[in-house]
Amino acid sequence: EVQLQACGGGEVQPGGSLRLSCAASGFAFSDYTMSWFRQAPGEKPEWVSSIGRAGGAGIYADSVKGRFTTSRDNAKNTLYLQMDSLKPDDTAVYYCTRQSDFGSRGQGTLVTVSS
């Protein structure tokens, strides 16, 4: 069974930072591109970033480019999202997914950016 469990969210002030993690199991993690999505209350899901199977530079939505960095540790089957210079518009539930398939998401983690 494919399982993806994101954690690390919380409440932070504008300008702050958070690091999200996503633990993957039930599939060969290193064989898949992985992605982050987010969904704000009442909004459609938004793709945030993706990273290739071997890691390296990710690709990012314009809304987060230069502020967020995605990485992965294939030995630990874990995906990361470092979020810096957070803005109130970044408030959302964040999910990791296999490839760019939002339907593969598991448990998300809530990020709230508020003063």
# chains A, B, ... in the order shown; residues from 1 in each chain; ligands from 1
>>> residues_around(residues="range 105-113 of chain A", least_positions_apart="5", cutoff="6 Å", atoms="only C-alpha atoms", output="number ranges by chain")
A: 4-7, 9-14, 88, 91-97
>>> write_last_selection(atoms="N, CA and C atoms", output="PDB file, in the first residue's frame")
ATOM      1  N   LEU A   4       1.950   8.081   2.015  1.00  0.00           N
ATOM      2  CA  LEU A   4       2.694   9.330   2.012  1.00  0.00           C
ATOM      3  C   LEU A   4       2.196  10.159   3.182  1.00  0.00           C
ATOM      4  N   GLN A   5       3.066  10.461   4.100  1.00  0.00           N
ATOM      5  CA  GLN A   5       2.665  11.165   5.310  1.00  0.00           C
ATOM      6  C   GLN A   5       3.519  12.398   5.497  1.00  0.00           C
ATOM      7  N   ALA A   6       2.903  13.560   5.331  1.00  0.00           N
ATOM      8  CA  ALA A   6       3.607  14.824   5.489  1.00  0.00           C
ATOM      9  C   ALA A   6       3.520  15.293   6.932  1.00  0.00           C
ATOM     10  N   CYS A   7       4.564  15.979   7.380  1.00  0.00           N
ATOM     11  CA  CYS A   7       4.573  16.547   8.731  1.00  0.00           C
ATOM     12  C   CYS A   7       5.482  17.771   8.748  1.00  0.00           C
ATOM     13  N   GLY A   9       4.325  20.959   9.625  1.00  0.00           N
ATOM     14  CA  GLY A   9       3.587  22.203   9.539  1.00  0.00           C
ATOM     15  C   GLY A   9       3.404  22.855  10.889  1.00  0.00           C
ATOM     16  N   GLY A  10       2.806  24.015  10.871  1.00  0.00           N
ATOM     17  CA  GLY A  10       2.560  24.741  12.102  1.00  0.00           C
ATOM     18  C   GLY A  10       2.197  26.175  11.802  1.00  0.00           C
ATOM     19  N   GLU A  11       2.205  26.979  12.838  1.00  0.00           N
ATOM     20  CA  GLU A  11       1.891  28.397  12.680  1.00  0.00           C
ATOM     21  C   GLU A  11       3.178  29.197  12.771  1.00  0.00           C
ATOM     22  N   VAL A  12       3.349  30.115  11.844  1.00  0.00           N
ATOM     23  CA  VAL A  12       4.573  30.919  11.793  1.00  0.00           C
ATOM     24  C   VAL A  12       4.210  32.334  11.372  1.00  0.00           C
ATOM     25  N   GLN A  13       5.005  33.285  11.791  1.00  0.00           N
ATOM     26  CA  GLN A  13       4.782  34.678  11.405  1.00  0.00           C
ATOM     27  C   GLN A  13       5.303  34.935   9.991  1.00  0.00           C
ATOM     28  N   PRO A  14       4.748  35.937   9.312  1.00  0.00           N
ATOM     29  CA  PRO A  14       5.280  36.303   7.988  1.00  0.00           C
ATOM     30  C   PRO A  14       6.784  36.544   8.059  1.00  0.00           C
ATOM     31  N   PRO A  88       1.482  35.251   4.170  1.00  0.00           N
ATOM     32  CA  PRO A  88       0.127  34.773   4.505  1.00  0.00           C
ATOM     33  C   PRO A  88      -0.510  33.951   3.383  1.00  0.00           C
ATOM     34  N   THR A  91      -0.456  30.078   3.379  1.00  0.00           N
ATOM     35  CA  THR A  91      -1.301  29.299   4.286  1.00  0.00           C
ATOM     36  C   THR A  91      -2.103  28.268   3.505  1.00  0.00           C
ATOM     37  N   ALA A  92      -1.950  26.998   3.882  1.00  0.00           N
ATOM     38  CA  ALA A  92      -2.606  25.908   3.165  1.00  0.00           C
ATOM     39  C   ALA A  92      -2.266  24.591   3.850  1.00  0.00           C
ATOM     40  N   VAL A  93      -2.962  23.541   3.444  1.00  0.00           N
ATOM     41  CA  VAL A  93      -2.539  22.185   3.781  1.00  0.00           C
ATOM     42  C   VAL A  93      -1.595  21.735   2.668  1.00  0.00           C
ATOM     43  N   TYR A  94      -0.430  21.246   3.068  1.00  0.00           N
ATOM     44  CA  TYR A  94       0.587  20.821   2.121  1.00  0.00           C
ATOM     45  C   TYR A  94       0.613  19.295   2.048  1.00  0.00           C
ATOM     46  N   TYR A  95       0.699  18.801   0.815  1.00  0.00           N
ATOM     47  CA  TYR A  95       0.703  17.368   0.565  1.00  0.00           C
ATOM     48  C   TYR A  95       1.900  16.995  -0.308  1.00  0.00           C
ATOM     49  N   CYS A  96       2.448  15.826  -0.079  1.00  0.00           N
ATOM     50  CA  CYS A  96       3.408  15.292  -1.043  1.00  0.00           C
ATOM     51  C   CYS A  96       2.690  14.251  -1.894  1.00  0.00           C
ATOM     52  N   THR A  97       3.153  14.132  -3.123  1.00  0.00           N
ATOM     53  CA  THR A  97       2.525  13.192  -4.046  1.00  0.00           C
ATOM     54  C   THR A  97       3.582  12.447  -4.847  1.00  0.00           C
TER      55      THR A  97
END
>>> closest_residue(among="A:Ile51, A:Ala61, A:Ala28, A:Leu18", to="Met83 in chain A", atoms="only C-alpha atoms")
A:Leu18
>>> residues_around(residues="range 41-48 of chain A", least_positions_apart="3", cutoff="6 Å", atoms="only C-alpha atoms", output="number ranges by chain")
A: 36-38, 60-61
>>> closest_residue(among="A:Ala40, A:Phe27, A:Ser50, A:Ser100", to="Leu79 in chain A", atoms="only C-alpha atoms")
A:Ser50
